[in-house]
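K.L.:
Got entry_33.tsv for you, TSV, C-alpha atoms and all ligand atoms:
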chain	number	residue	atom	x	y	z
A	15	MET	CA	69.01	-168.22	-22.84
A	16	GLN	CA	70.53	-165.67	-25.26
A	17	GLU	CA	72.24	-166.81	-28.46
A	18	ARG	CA	76.05	-166.63	-28.39
A	19	MET	CA	77.25	-163.32	-29.80
A	20	LYS	CA	79.55	-163.81	-32.80
A	21	ILE	CA	82.77	-161.89	-32.42
A	22	GLY	CA	85.96	-161.44	-34.46
A	23	ILE	CA	89.60	-161.06	-33.37
A	24	ILE	CA	91.96	-158.66	-35.17
A	25	GLY	CA	95.61	-159.23	-34.22
A	26	CYS	CA	96.76	-162.85	-33.91
A	27	GLY	CA	100.03	-162.41	-31.98
A	28	THR	CA	101.32	-163.43	-28.56
A	29	ILE	CA	98.31	-162.51	-26.42
A	30	SER	CA	95.63	-163.89	-28.77
A	31	GLY	CA	95.88	-167.39	-27.22
A	32	ALA	CA	94.65	-166.03	-23.86
A	33	TYR	CA	91.49	-164.70	-25.54
A	34	PHE	CA	90.82	-167.92	-27.44
A	35	GLY	CA	91.33	-169.75	-24.13
A	36	GLY	CA	88.81	-167.50	-22.38
A	37	ALA	CA	86.29	-167.94	-25.20
A	38	GLN	CA	86.33	-171.69	-24.61
A	39	LYS	CA	85.09	-171.13	-21.03
A	40	THR	CA	81.87	-169.28	-21.85
A	41	ASP	CA	78.63	-169.80	-23.72
A	42	VAL	CA	78.04	-166.03	-23.99
A	43	LEU	CA	80.08	-165.57	-27.18
A	44	GLU	CA	81.87	-167.41	-29.95
A	45	ILE	CA	84.86	-166.35	-32.04
A	46	LYS	CA	83.71	-166.66	-35.66
A	47	SER	CA	86.88	-165.47	-37.37
A	48	CYS	CA	90.28	-163.91	-36.84
A	49	ALA	CA	92.40	-161.57	-38.95
A	50	ASP	CA	95.88	-160.08	-38.99
A	51	ILE	CA	97.91	-157.98	-41.41
A	52	ARG	CA	100.09	-161.10	-41.51
A	53	MET	CA	97.67	-163.57	-43.13
A	54	GLU	CA	99.88	-166.50	-42.08
A	55	ALA	CA	99.40	-165.50	-38.40
A	56	ALA	CA	95.61	-165.46	-38.83
A	57	GLN	CA	95.69	-168.82	-40.59
A	58	SER	CA	97.81	-170.52	-37.98
A	59	VAL	CA	95.68	-169.20	-35.07
A	60	ALA	CA	92.43	-170.11	-36.89
A	61	GLU	CA	93.67	-173.63	-37.44
A	62	LYS	CA	94.80	-174.00	-33.83
A	63	TYR	CA	91.53	-172.82	-32.28
A	64	GLY	CA	89.02	-173.85	-34.94
A	65	CYS	CA	87.64	-170.62	-36.42
A	66	GLN	CA	87.78	-168.94	-39.84
A	67	ALA	CA	90.83	-166.96	-41.01
A	68	ALA	CA	89.92	-163.73	-42.78
A	69	SER	CA	91.51	-160.54	-44.02
A	70	VAL	CA	90.83	-157.47	-41.84
A	71	ASP	CA	88.44	-156.13	-44.52
A	72	GLU	CA	86.56	-159.43	-44.81
A	73	LEU	CA	86.16	-159.65	-41.04
A	74	LEU	CA	84.87	-156.08	-40.81
A	75	ALA	CA	82.42	-156.71	-43.68
A	76	ASP	CA	80.98	-159.84	-42.03
A	77	GLU	CA	77.44	-158.89	-40.97
A	78	GLU	CA	77.18	-161.75	-38.48
A	79	ILE	CA	80.05	-160.35	-36.39
A	80	GLU	CA	78.73	-157.88	-33.81
A	81	LEU	CA	81.87	-157.16	-31.78
A	82	VAL	CA	85.58	-157.08	-32.64
A	83	VAL	CA	88.36	-157.70	-30.13
A	84	ASN	CA	91.41	-155.68	-31.20
A	85	LEU	CA	94.68	-157.37	-30.18
A	86	THR	CA	96.99	-155.36	-32.41
A	87	ILE	CA	99.97	-153.35	-31.19
A	88	PRO	CA	99.28	-150.10	-29.25
A	89	LYS	CA	99.94	-147.74	-32.19
A	90	ALA	CA	97.27	-149.52	-34.24
A	91	HIS	CA	94.58	-149.65	-31.51
A	92	ALA	CA	92.79	-146.41	-32.43
A	93	GLU	CA	92.90	-146.98	-36.20
A	94	VAL	CA	91.54	-150.53	-35.95
A	95	GLY	CA	88.97	-149.43	-33.35
A	96	LEU	CA	87.70	-146.60	-35.56
A	97	ALA	CA	87.46	-148.91	-38.60
A	98	THR	CA	85.49	-151.38	-36.45
A	99	LEU	CA	83.03	-148.68	-35.33
A	100	GLU	CA	82.73	-147.43	-38.94
A	101	ALA	CA	81.79	-150.99	-39.90
A	102	GLY	CA	78.95	-150.83	-37.36
A	103	LYS	CA	80.46	-153.17	-34.75
A	104	HIS	CA	81.24	-152.79	-31.06
A	105	THR	CA	84.97	-152.65	-30.30
A	106	TYR	CA	87.01	-153.97	-27.38
A	107	SER	CA	90.74	-153.43	-27.50
A	108	GLU	CA	93.81	-154.55	-25.64
A	109	LYS	CA	95.44	-151.81	-23.58
A	110	PRO	CA	96.36	-149.01	-23.88
A	111	PHE	CA	93.15	-147.41	-25.18
A	112	SER	CA	95.23	-145.41	-27.69
A	113	VAL	CA	98.61	-143.71	-27.61
A	114	ASP	CA	97.48	-140.07	-27.52
A	115	ILE	CA	94.61	-137.94	-26.24
A	116	GLU	CA	93.20	-136.98	-29.64
A	117	SER	CA	92.78	-140.51	-30.99
A	118	GLY	CA	91.31	-141.60	-27.65
A	119	GLN	CA	88.71	-138.83	-27.85
A	120	ASN	CA	87.96	-139.75	-31.47
A	121	LEU	CA	87.18	-143.31	-30.44
A	122	LEU	CA	84.74	-142.19	-27.72
A	123	LYS	CA	83.12	-139.68	-30.10
A	124	LYS	CA	82.70	-142.18	-32.93
A	125	ALA	CA	81.20	-144.81	-30.61
A	126	ALA	CA	78.69	-142.25	-29.27
A	127	GLU	CA	77.80	-141.11	-32.83
A	128	LYS	CA	77.21	-144.70	-33.95
A	129	GLY	CA	75.43	-145.83	-30.78
A	130	LEU	CA	78.03	-148.57	-30.31
A	131	ARG	CA	80.04	-149.76	-27.31
A	132	VAL	CA	83.76	-149.28	-26.81
A	133	GLY	CA	85.63	-151.29	-24.23
A	134	CYS	CA	89.30	-151.73	-23.39
A	135	ALA	CA	91.56	-153.98	-21.33
A	136	PRO	CA	92.69	-154.51	-18.69
A	137	ASP	CA	89.93	-156.68	-17.29
A	138	THR	CA	92.17	-157.90	-14.46
A	139	PHE	CA	90.27	-155.59	-12.07
A	140	LEU	CA	87.32	-157.99	-12.46
A	141	GLY	CA	89.49	-160.73	-10.94
A	142	ALA	CA	89.27	-161.94	-7.35
A	143	GLY	CA	92.26	-159.92	-6.07
A	144	ILE	CA	91.22	-156.41	-7.05
A	145	GLN	CA	87.46	-156.97	-6.47
A	146	THR	CA	88.24	-158.26	-2.96
A	147	SER	CA	90.56	-155.28	-2.28
A	148	ARG	CA	87.81	-152.87	-3.29
A	149	LYS	CA	85.21	-154.67	-1.19
A	150	ALA	CA	87.52	-154.56	1.86
A	151	LEU	CA	88.15	-150.84	1.35
A	152	ASP	CA	84.44	-150.09	0.85
A	153	GLU	CA	83.65	-152.03	4.03
A	154	GLY	CA	86.08	-149.84	5.98
A	155	ALA	CA	88.99	-152.27	6.45
A	156	ILE	CA	91.55	-149.42	6.53
A	157	GLY	CA	89.25	-146.44	7.02
A	158	ARG	CA	89.53	-143.35	4.82
A	159	PRO	CA	92.31	-143.96	2.24
A	160	ILE	CA	95.11	-141.42	2.70
A	161	ALA	CA	98.08	-142.60	0.67
A	162	GLY	CA	99.56	-145.52	-1.19
A	163	THR	CA	102.35	-146.83	-3.40
A	164	ALA	CA	102.29	-148.47	-6.84
A	165	PHE	CA	105.46	-149.98	-8.29
A	166	MET	CA	106.09	-151.91	-11.51
A	167	CYS	CA	109.81	-152.18	-12.03
A	168	GLY	CA	111.80	-154.42	-14.33
A	169	HIS	CA	114.10	-154.36	-17.33
A	170	GLY	CA	111.62	-154.56	-20.19
A	171	HIS	CA	110.32	-157.33	-22.43
A	172	GLU	CA	113.07	-157.79	-25.04
A	173	SER	CA	114.37	-160.84	-23.16
A	174	TRP	CA	111.24	-162.91	-23.91
A	175	HIS	CA	108.84	-161.27	-26.40
A	176	PRO	CA	109.13	-162.51	-30.03
A	177	SER	CA	108.60	-158.99	-31.49
A	178	PRO	CA	109.48	-156.56	-28.68
A	179	ALA	CA	110.03	-153.36	-30.74
A	180	PHE	CA	106.58	-151.94	-29.92
A	181	TYR	CA	107.45	-151.76	-26.22
A	182	TYR	CA	110.02	-149.03	-27.03
A	183	ASP	CA	108.06	-147.26	-29.77
A	184	VAL	CA	105.62	-144.37	-29.30
A	185	GLY	CA	102.80	-145.89	-27.23
A	186	GLY	CA	105.17	-148.27	-25.44
A	187	GLY	CA	107.28	-147.82	-22.32
A	188	PRO	CA	106.40	-149.13	-18.86
A	189	MET	CA	103.64	-146.59	-18.27
A	190	LEU	CA	101.47	-147.26	-21.34
A	191	ASP	CA	102.33	-150.98	-21.18
A	192	MET	CA	101.84	-151.73	-17.46
A	193	GLY	CA	100.27	-148.52	-16.16
A	194	PRO	CA	96.80	-149.59	-17.37
A	195	TYR	CA	96.80	-152.49	-14.87
A	196	TYR	CA	97.92	-150.34	-11.95
A	197	ILE	CA	95.92	-147.19	-12.61
A	198	THR	CA	92.74	-149.04	-13.60
A	199	ALA	CA	92.94	-151.07	-10.37
A	200	LEU	CA	93.47	-147.88	-8.36
A	201	VAL	CA	90.58	-146.04	-10.07
A	202	ASN	CA	88.37	-149.08	-9.46
A	203	ILE	CA	89.28	-148.97	-5.76
A	204	LEU	CA	89.67	-145.23	-5.11
A	205	GLY	CA	87.69	-143.46	-7.84
A	206	PRO	CA	88.82	-140.85	-10.38
A	207	VAL	CA	92.11	-138.94	-10.49
A	208	LYS	CA	92.43	-135.18	-10.04
A	209	ARG	CA	96.06	-134.40	-10.91
A	210	VAL	CA	99.51	-135.85	-11.49
A	211	ALA	CA	103.06	-134.64	-10.73
A	212	GLY	CA	105.66	-136.56	-12.70
A	213	ILE	CA	109.38	-136.78	-13.40
A	214	THR	CA	110.26	-139.10	-16.26
A	215	THR	CA	113.37	-140.13	-18.20
A	216	LYS	CA	114.92	-142.88	-20.32
A	217	ALA	CA	118.20	-144.56	-19.41
A	218	PHE	CA	119.07	-146.19	-22.75
A	219	GLU	CA	118.78	-144.93	-26.36
A	220	GLU	CA	118.76	-148.47	-27.74
A	221	ARG	CA	117.77	-151.96	-26.57
A	222	ILE	CA	119.13	-155.22	-27.96
A	223	ALA	CA	116.65	-158.09	-27.98
A	224	THR	CA	117.74	-161.40	-26.46
A	225	SER	CA	114.49	-163.39	-26.96
A	226	ASP	CA	114.83	-166.45	-29.22
A	227	ALA	CA	112.75	-165.03	-32.07
A	228	ALA	CA	114.27	-161.52	-32.06
A	229	SER	CA	117.80	-162.21	-30.78
A	230	GLY	CA	120.22	-159.42	-31.71
A	231	GLN	CA	117.52	-157.02	-32.99
A	232	ARG	CA	118.51	-153.41	-32.24
A	233	ILE	CA	115.52	-151.43	-31.01
A	234	PRO	CA	115.59	-147.62	-30.85
A	235	VAL	CA	113.96	-146.31	-27.65
A	236	LYS	CA	111.35	-143.66	-28.57
A	237	THR	CA	109.58	-143.45	-25.23
A	238	THR	CA	110.40	-142.70	-21.60
A	239	THR	CA	111.33	-145.86	-19.70
A	240	HIS	CA	111.52	-144.69	-16.06
A	241	LEU	CA	108.52	-142.70	-14.80
A	242	THR	CA	108.06	-141.55	-11.24
A	243	GLY	CA	105.52	-139.28	-9.62
A	244	ALA	CA	102.46	-138.84	-7.50
A	245	ILE	CA	98.78	-139.18	-8.35
A	246	GLU	CA	96.21	-137.23	-6.37
A	247	PHE	CA	92.77	-138.82	-6.45
A	248	ALA	CA	89.53	-136.82	-6.21
A	249	ASN	CA	88.92	-138.41	-2.77
A	250	GLY	CA	92.21	-136.89	-1.53
A	251	ALA	CA	94.34	-140.06	-1.52
A	252	ILE	CA	97.90	-139.60	-2.85
A	253	ILE	CA	99.63	-142.53	-4.56
A	254	THR	CA	103.40	-142.56	-5.13
A	255	MET	CA	104.28	-144.43	-8.34
A	256	ILE	CA	107.33	-145.82	-10.14
A	257	MET	CA	106.95	-147.53	-13.53
A	258	SER	CA	110.29	-148.63	-14.93
A	259	PHE	CA	111.94	-150.71	-17.66
A	260	ASP	CA	115.34	-149.51	-16.37
A	261	MET	CA	115.68	-151.51	-13.13
A	262	TRP	CA	117.16	-155.02	-12.92
A	263	ARG	CA	116.15	-156.04	-9.41
A	264	HIS	CA	114.15	-154.53	-6.56
A	265	SER	CA	112.09	-155.43	-3.49
A	266	LEU	CA	109.17	-153.04	-3.90
A	267	PRO	CA	105.56	-154.25	-3.46
A	268	CYS	CA	103.00	-153.94	-6.31
A	269	ILE	CA	100.38	-151.79	-4.58
A	270	GLU	CA	99.91	-150.83	-0.92
A	271	LEU	CA	97.22	-148.54	0.47
A	272	TYR	CA	97.49	-146.64	3.75
A	273	GLY	CA	94.27	-145.55	5.43
A	274	GLU	CA	93.15	-143.70	8.53
A	275	THR	CA	92.86	-146.90	10.60
A	276	GLY	CA	95.05	-149.44	8.82
A	277	SER	CA	97.01	-150.58	5.74
A	278	MET	CA	96.26	-152.93	2.84
A	279	GLN	CA	98.44	-154.99	0.49
A	280	VAL	CA	96.75	-155.20	-2.91
A	281	PRO	CA	97.87	-158.08	-5.15
A	282	ASP	CA	99.60	-157.71	-8.54
A	283	PRO	CA	97.01	-155.93	-10.73
A	284	ASN	CA	98.42	-157.74	-13.79
A	285	GLY	CA	96.90	-160.93	-12.41
A	286	PHE	CA	93.40	-162.08	-11.51
A	287	GLY	CA	94.08	-163.65	-8.11
A	288	GLY	CA	96.75	-163.03	-5.50
A	289	SER	CA	96.43	-162.39	-1.80
A	290	VAL	CA	94.84	-159.37	-0.15
A	291	ARG	CA	96.24	-158.53	3.30
A	292	VAL	CA	95.14	-155.98	5.82
A	293	SER	CA	96.68	-154.65	9.02
A	294	ALA	CA	94.52	-152.73	11.48
A	295	ALA	CA	96.81	-149.99	12.85
A	296	ARG	CA	100.01	-151.77	14.06
A	297	ASP	CA	98.37	-155.24	14.49
A	298	GLY	CA	100.29	-157.05	11.72
A	299	TRP	CA	99.13	-158.43	8.37
A	300	SER	CA	96.25	-160.89	8.07
A	301	ASP	CA	94.77	-162.40	4.91
A	302	VAL	CA	91.39	-161.27	3.61
A	303	PRO	CA	89.65	-164.28	1.99
A	304	LEU	CA	89.10	-163.79	-1.76
A	305	ALA	CA	85.38	-163.18	-2.21
A	306	PHE	CA	85.02	-163.55	-6.01
A	307	PRO	CA	85.91	-166.05	-8.74
A	308	LYS	CA	89.38	-165.61	-10.24
A	309	ASN	CA	88.55	-165.62	-14.00
A	310	ALA	CA	91.09	-164.64	-16.67
A	311	ARG	CA	91.46	-162.53	-19.84
A	312	MET	CA	88.25	-162.31	-21.90
A	313	ILE	CA	86.07	-161.78	-18.81
A	314	GLY	CA	85.91	-158.07	-19.79
A	315	VAL	CA	84.56	-158.96	-23.23
A	316	ILE	CA	82.04	-161.32	-21.62
A	317	ASP	CA	80.96	-158.45	-19.33
A	318	MET	CA	80.56	-156.20	-22.38
A	319	VAL	CA	78.45	-158.77	-24.26
A	320	ARG	CA	76.22	-159.33	-21.21
A	321	ALA	CA	75.90	-155.55	-20.79
A	322	ILE	CA	74.84	-155.12	-24.43
A	323	GLN	CA	72.28	-157.92	-24.06
A	324	SER	CA	70.81	-156.48	-20.88
A	325	ALA	CA	71.21	-152.78	-21.80
A	326	ARG	CA	73.34	-151.91	-18.75
A	327	PRO	CA	76.71	-150.08	-18.70
A	328	HIS	CA	79.72	-152.36	-19.22
A	329	ARG	CA	82.42	-152.26	-16.55
A	330	VAL	CA	85.55	-152.43	-18.73
A	331	SER	CA	84.54	-149.26	-20.52
A	332	GLY	CA	86.13	-146.84	-22.99
A	333	ALA	CA	85.42	-143.97	-20.58
A	334	LEU	CA	87.45	-145.71	-17.86
A	335	ALA	CA	90.28	-146.56	-20.28
A	336	TYR	CA	90.34	-142.98	-21.61
A	337	HIS	CA	90.59	-141.56	-18.07
A	338	VAL	CA	93.43	-143.99	-17.33
A	339	LEU	CA	95.15	-142.97	-20.61
A	340	GLU	CA	94.96	-139.30	-19.65
A	341	VAL	CA	96.49	-140.08	-16.23
A	342	MET	CA	99.31	-142.12	-17.79
A	343	LEU	CA	100.18	-139.45	-20.38
A	344	ALA	CA	100.13	-136.83	-17.59
A	345	PHE	CA	103.42	-138.18	-16.15
A	346	ASP	CA	105.42	-137.10	-19.24
A	347	LYS	CA	103.31	-133.95	-19.63
A	348	SER	CA	104.05	-132.88	-16.05
A	349	SER	CA	107.72	-133.78	-16.36
A	350	GLN	CA	108.09	-131.72	-19.54
A	351	SER	CA	106.19	-128.68	-18.23
A	352	GLY	CA	107.59	-128.73	-14.69
A	353	GLN	CA	104.03	-128.36	-13.38
A	354	HIS	CA	101.24	-130.56	-12.08
A	355	ALA	CA	99.06	-131.92	-14.88
A	356	GLU	CA	95.36	-131.48	-14.08
A	357	ILE	CA	93.20	-134.37	-15.35
A	358	GLU	CA	90.28	-133.09	-17.42
A	359	SER	CA	88.30	-136.31	-17.74
A	360	THR	CA	86.55	-138.07	-14.92
A	361	VAL	CA	84.78	-141.39	-14.55
A	362	GLU	CA	82.64	-143.21	-12.03
A	363	ARG	CA	83.97	-146.38	-10.45
A	364	PRO	CA	82.64	-149.36	-12.43
A	365	ALA	CA	79.90	-151.32	-10.66
A	366	PRO	CA	81.40	-153.92	-8.31
A	367	LEU	CA	80.74	-157.58	-9.10
A	368	PRO	CA	77.85	-158.97	-7.08
A	369	PRO	CA	78.56	-161.77	-4.56
A	370	GLY	CA	77.91	-165.41	-5.40
A	371	LEU	CA	79.07	-165.54	-9.03
A	372	GLU	CA	80.53	-168.74	-10.48
A	373	GLU	CA	83.81	-168.76	-12.42
A	374	TRP	CA	83.28	-167.08	-15.86
A	375	GLU	CA	79.79	-165.93	-14.86
A	376	ILE	CA	79.03	-162.22	-14.87
A	377	GLU	CA	75.93	-160.15	-14.27
B	1	LIG	N1	102.15	-160.25	-24.85
B	1	LIG	C1	101.57	-160.11	-23.68
B	1	LIG	O1	101.94	-160.78	-22.69
B	1	LIG	C2	100.46	-159.13	-23.50
B	1	LIG	C3	99.74	-159.19	-22.30
B	1	LIG	C4	98.66	-158.34	-22.12
B	1	LIG	C5	98.35	-157.41	-23.11
B	1	LIG	N2	99.08	-157.33	-24.26
B	1	LIG	C6	98.70	-156.32	-25.24
B	1	LIG	O2	98.16	-156.98	-26.37
B	1	LIG	C7	98.46	-156.25	-27.57
B	1	LIG	C8	99.17	-157.18	-28.52
B	1	LIG	O3	100.34	-157.65	-27.89
B	1	LIG	P1	101.08	-158.97	-28.40
B	1	LIG	O4	102.12	-159.26	-27.37
B	1	LIG	O5	100.10	-160.02	-28.78
B	1	LIG	O6	101.80	-158.37	-29.70
B	1	LIG	P2	102.31	-159.16	-31.00
B	1	LIG	O7	103.27	-158.27	-31.69
B	1	LIG	O8	102.75	-160.53	-30.61
B	1	LIG	O9	100.96	-159.32	-31.86
B	1	LIG	C9	100.30	-158.23	-32.47
B	1	LIG	C10	99.69	-158.72	-33.76
B	1	LIG	O10	98.93	-157.64	-34.35
B	1	LIG	C11	99.16	-157.64	-35.75
B	1	LIG	N3	98.89	-156.29	-36.23
B	1	LIG	C12	99.63	-155.17	-36.02
B	1	LIG	N4	99.02	-154.11	-36.60
B	1	LIG	C13	97.89	-154.57	-37.20
B	1	LIG	C14	96.86	-153.96	-37.95
B	1	LIG	N5	96.86	-152.65	-38.18
B	1	LIG	N6	95.84	-154.74	-38.40
B	1	LIG	C15	95.83	-156.08	-38.16
B	1	LIG	N7	96.80	-156.71	-37.45
B	1	LIG	C16	97.82	-155.97	-36.97
B	1	LIG	C17	100.61	-158.10	-35.90
B	1	LIG	O11	100.86	-158.60	-37.20
B	1	LIG	C18	100.72	-159.15	-34.80
B	1	LIG	O12	100.39	-160.44	-35.27
B	1	LIG	C19	99.30	-155.05	-27.12
B	1	LIG	O13	98.47	-153.93	-27.01
B	1	LIG	C20	99.83	-155.47	-25.76
B	1	LIG	O14	100.04	-154.34	-24.93
B	1	LIG	C21	100.10	-158.19	-24.48
Could you take the file, read its structure, and then write that structure out as C-alpha cells?

P.N.:
Amino acid sequence: MQERMKIGIIGCGTISGAYFGGAQKTDVLEIKSCADIRMEAAQSVAEKYGCQAASVDELLADEEIELVVNLTIPKAHAEVGLATLEAGKHTYSEKPFSVDIESGQNLLKKAAEKGLRVGCAPDTFLGAGIQTSRKALDEGAIGRPIAGTAFMCGHGHESWHPSPAFYYDVGGGPMLDMGPYYITALVNILGPVKRVAGITTKAFEERIATSDAASGQRIPVKTTTHLTGAIEFANGAIITMIMSFDMWRHSLPCIELYGETGSMQVPDPNGFGGSVRVSAARDGWSDVPLAFPKNARMIGVIDMVRAIQSARPHRVSGALAYHVLEVMLAFDKSSQSGQHAEIESTVERPAPLPPGLEEWEIE
C-alpha cells in the first residue's frame, strides 16, 4: 500500500467543493493545504474541509506537497501552472488548459524540462457514460464512425454563478468553457483531430448578471459566444458542432455519432453517468448497459497520482488538453481567416479503463 500523496489546492471558489468531496472518497491522496489570492476564501474552505489555509507562496514552498490542483479562473491557469512546475511540483488544472497556444506550449515545455507531470480537466471522460460509449464504438456497435453532432447551447452562467465575469473575458465563452467536455469526449472516442472549419460571432456586447451574489453587475463580453463549425477527425469522421451562450431554449441532443451500420447517443459529457443508446441501422434505440463505475470530479487527479506511483502515462494529460485547446481555438481562427484551420498537434487516445473497477478505483 502506497502512502497518500500530499497535494495542495490553489483557487478556493465555486468548484473547489467538488474536489474536496472527491478527495474524501479515496485513500490515494490527501489535501494538505489550500490557497487563494483571497485569503478569506482559503480560510473558509480550509475550515470547512479540515486542511491548512496558506498563501500561494507558502503552499508552493511546502516540500511535502508533491502535486497542486489549480482551480483558478482560466486566465490564471498557465501562470499558476508554471509557478507550480517551477516549484518542483506536478500540476493538474481545471479546464481550459490555458487561454492561448503559446502559454499552453510553455506549460508542456516546462513540465518536460523539469521531468514533472501536467494534467488538466475534464476528467468526465473517465466516467461511466463516455467510457461505455467508447467501448461500444470500439466493439463495433455502429461500425466505422462517419459523422456526428455535438451541441452545447444555453444562455450563459450569469444567472447563477457568484462571480460570472470570467465567462465573458478572454479565455471564456462557451467554447473554452464547455468545449473541453465535448471535444475531450470526442477525442477519447474517435482519436485526434485533423482540421476545423468554423464560423463564430457574439450576439451581445454586455451581459448583466442576475445571480444573487453578482446581481446587476455589468459584464463586457470580450469573447465569441456563438461558435458553429465542423471538426474533421484523423479517422475521417466529421462532427458538426454548435457551442452557444446566445440561445435561450433548444431541443438539440448533446452528442450523437452516426456510423456505417448504426447510430449512437452519447450522454452529456459534462457528467459522469447518463445513458448510452445505440440503434443498429433503422432498428430503433436500445440502451447499452453502463460498464464502468460513475465516479466524479477528482478521479482525473487520482489517475495522475496512480500513474506517477506506477510510472505509467496518466490519462487526463496535458498533451490531450493541449490538443483540445488547439481544436477549440481553431473555431475563431478559421472564422477570422475564412479558411480551414489545420491542427498541428496530435495525441493518442488515452488508455481505456479496464473492466471490473470499483467506484473511485483506478489502475
Ligand atoms: N463553477 C463550476 O461549475 C465549474 C465546473 C467545472 C469547472 N470549472 C472551472 O473551474 C475553474 C474555477 O471556476 P470557479 O467556478 O470555481 O471560479 P470562481 O471564480 O468561483 O473561483 C476561482 C477562485 O480562484 C481564485 N483565483 C483567481 N486567480 C488566482 C490566482 N492567480 N492565484 C490564486 N487564486 C486565484 C479566485 O480568488 C477564486 O476564489 C474555472 O477554470 C472553471 O472553468 C468550474

K.L.:
Env of A:Ala37: 10 Å cut, atoms = all atoms listed in the file, seq-sep filter 3 positions within chain, self excluded. Answer as a VMD selection string.

P.N.:
chain A and resid 31 to 34 40 to 45 311 to 313 315 to 316 374

K.L.:
Would you list the residues near (82.3, -153.7, -42.5) (no more than 12 Å away, in the coordinates of the file, using all atoms listed in the file) as a ChimeraX atom specification?

P.N.:
/A:22,69-82,94,96-104

K.L.:
Could you give me, as a PDB file with C-alpha atoms, in the coordinates of the input, every polymer residue with an atom at most 8 Å away from an atom of ligand LIG 1 (chain B), counting only C-alpha atoms and all ligand atoms?

P.N.:
ATOM      1  CA  ILE A  24      91.960-158.660 -35.170  1.00  0.00           C
ATOM      2  CA  GLY A  25      95.610-159.230 -34.220  1.00  0.00           C
ATOM      3  CA  CYS A  26      96.760-162.850 -33.910  1.00  0.00           C
ATOM      4  CA  GLY A  27     100.030-162.410 -31.980  1.00  0.00           C
ATOM      5  CA  THR A  28     101.320-163.430 -28.560  1.00  0.00           C
ATOM      6  CA  ILE A  29      98.310-162.510 -26.420  1.00  0.00           C
ATOM      7  CA  SER A  30      95.630-163.890 -28.770  1.00  0.00           C
ATOM      8  CA  ALA A  49      92.400-161.570 -38.950  1.00  0.00           C
ATOM      9  CA  ASP A  50      95.880-160.080 -38.990  1.00  0.00           C
ATOM     10  CA  ILE A  51      97.910-157.980 -41.410  1.00  0.00           C
ATOM     11  CA  ARG A  52     100.090-161.100 -41.510  1.00  0.00           C
ATOM     12  CA  ALA A  55      99.400-165.500 -38.400  1.00  0.00           C
ATOM     13  CA  ALA A  56      95.610-165.460 -38.830  1.00  0.00           C
ATOM     14  CA  VAL A  70      90.830-157.470 -41.840  1.00  0.00           C
ATOM     15  CA  ASN A  84      91.410-155.680 -31.200  1.00  0.00           C
ATOM     16  CA  LEU A  85      94.680-157.370 -30.180  1.00  0.00           C
ATOM     17  CA  THR A  86      96.990-155.360 -32.410  1.00  0.00           C
ATOM     18  CA  ILE A  87      99.970-153.350 -31.190  1.00  0.00           C
ATOM     19  CA  PRO A  88      99.280-150.100 -29.250  1.00  0.00           C
ATOM     20  CA  LYS A  89      99.940-147.740 -32.190  1.00  0.00           C
ATOM     21  CA  ALA A  90      97.270-149.520 -34.240  1.00  0.00           C
ATOM     22  CA  HIS A  91      94.580-149.650 -31.510  1.00  0.00           C
ATOM     23  CA  GLU A  93      92.900-146.980 -36.200  1.00  0.00           C
ATOM     24  CA  VAL A  94      91.540-150.530 -35.950  1.00  0.00           C
ATOM     25  CA  SER A 107      90.740-153.430 -27.500  1.00  0.00           C
ATOM     26  CA  GLU A 108      93.810-154.550 -25.640  1.00  0.00           C
ATOM     27  CA  LYS A 109      95.440-151.810 -23.580  1.00  0.00           C
ATOM     28  CA  PRO A 110      96.360-149.010 -23.880  1.00  0.00           C
ATOM     29  CA  ALA A 135      91.560-153.980 -21.330  1.00  0.00           C
ATOM     30  CA  PRO A 136      92.690-154.510 -18.690  1.00  0.00           C
ATOM     31  CA  HIS A 175     108.840-161.270 -26.400  1.00  0.00           C
ATOM     32  CA  PRO A 176     109.130-162.510 -30.030  1.00  0.00           C
ATOM     33  CA  SER A 177     108.600-158.990 -31.490  1.00  0.00           C
ATOM     34  CA  PRO A 178     109.480-156.560 -28.680  1.00  0.00           C
ATOM     35  CA  PHE A 180     106.580-151.940 -29.920  1.00  0.00           C
ATOM     36  CA  TYR A 181     107.450-151.760 -26.220  1.00  0.00           C
ATOM     37  CA  GLY A 186     105.170-148.270 -25.440  1.00  0.00           C
ATOM     38  CA  ASP A 191     102.330-150.980 -21.180  1.00  0.00           C
TER      39      ASP A 191
END

K.L.:
Name the closest residue to A:Leu339 among the candidates A:Leu266, A:Val201, A:Ala68, A:Met166; distances are taken between atoms, counting all atoms listed in the file.

P.N.:
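Counting all atoms listed in the file, the residue closest to A:Leu339 is A:Val201.
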
K.L.:
Of the residues A:Phe218, A:Phe139, A:Tyr106, A:Phe247, which is the one nearest to A:Glu356, using only C-alpha atoms?

P.N.:
A:Phe247

K.L.:
So which residues are close to (99.4, -149.4, -11.1), meaning at most 12 Å away in the file's coordinates with all atoms listed in the file counted, and can you show them as a VMD selection string?

P.N.:
chain A and resid 136 138 to 139 144 162 to 167 188 to 203 241 to 245 253 to 258 267 to 271 280 to 285 338 341 to 342

K.L.:
Mind pulling up the distance from atom CA of A:His337 to atom CA of A:Glu377?

P.N.:
24.0 Å

K.L.:
Ranking A:Ala161, A:Val184, A:Val132, A:Val210 by minimum distance to A:Thr237 and counting only C-alpha atoms, which one comes first?

P.N.:
A:Val184

K.L.:
Could you please determine the separation between atom CA of A:Thr239 and atom CA of A:Phe259 in Å, to one decimal place?

P.N.:
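Interatomic distance here is 5.3 Å.
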
K.L.:
For A:His328, which residue among A:Gly118, A:Pro366, A:Gly298, A:Pro303 is the nearest when counting only C-alpha atoms?

P.N.:
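With only C-alpha atoms as the atom set, the closest residue is A:Pro366.
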
K.L.:
Which of these, A:Gly170, A:Pro234, A:Pro327, A:Gly157, has the shortest distance to A:Asp183 once you count only C-alpha atoms?

P.N.:
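Looking only at the distances to A:Asp183, the closest residue turns out to be A:Pro234.
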
K.L.:
Using all atoms listed in the file, determine which residues lie at most 9 Å from A:Arg263, disregarding the query and same-chain residues fewer than 2 positions distant; provide the list as a list in words.

P.N.:
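Near neighbours after the sequence-gap exclusion: Cys167, Gly168, His169, Met261 and Ser265 of chain A.
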
K.L.:
Applying 12 Å and only C-alpha atoms, which residues near A:Ala305 remain after dropping the ones on its own chain fewer than 4 positions away? List them as a ChimeraX atom specification.

P.N.:
/A:140-150,287-290,301,366-373
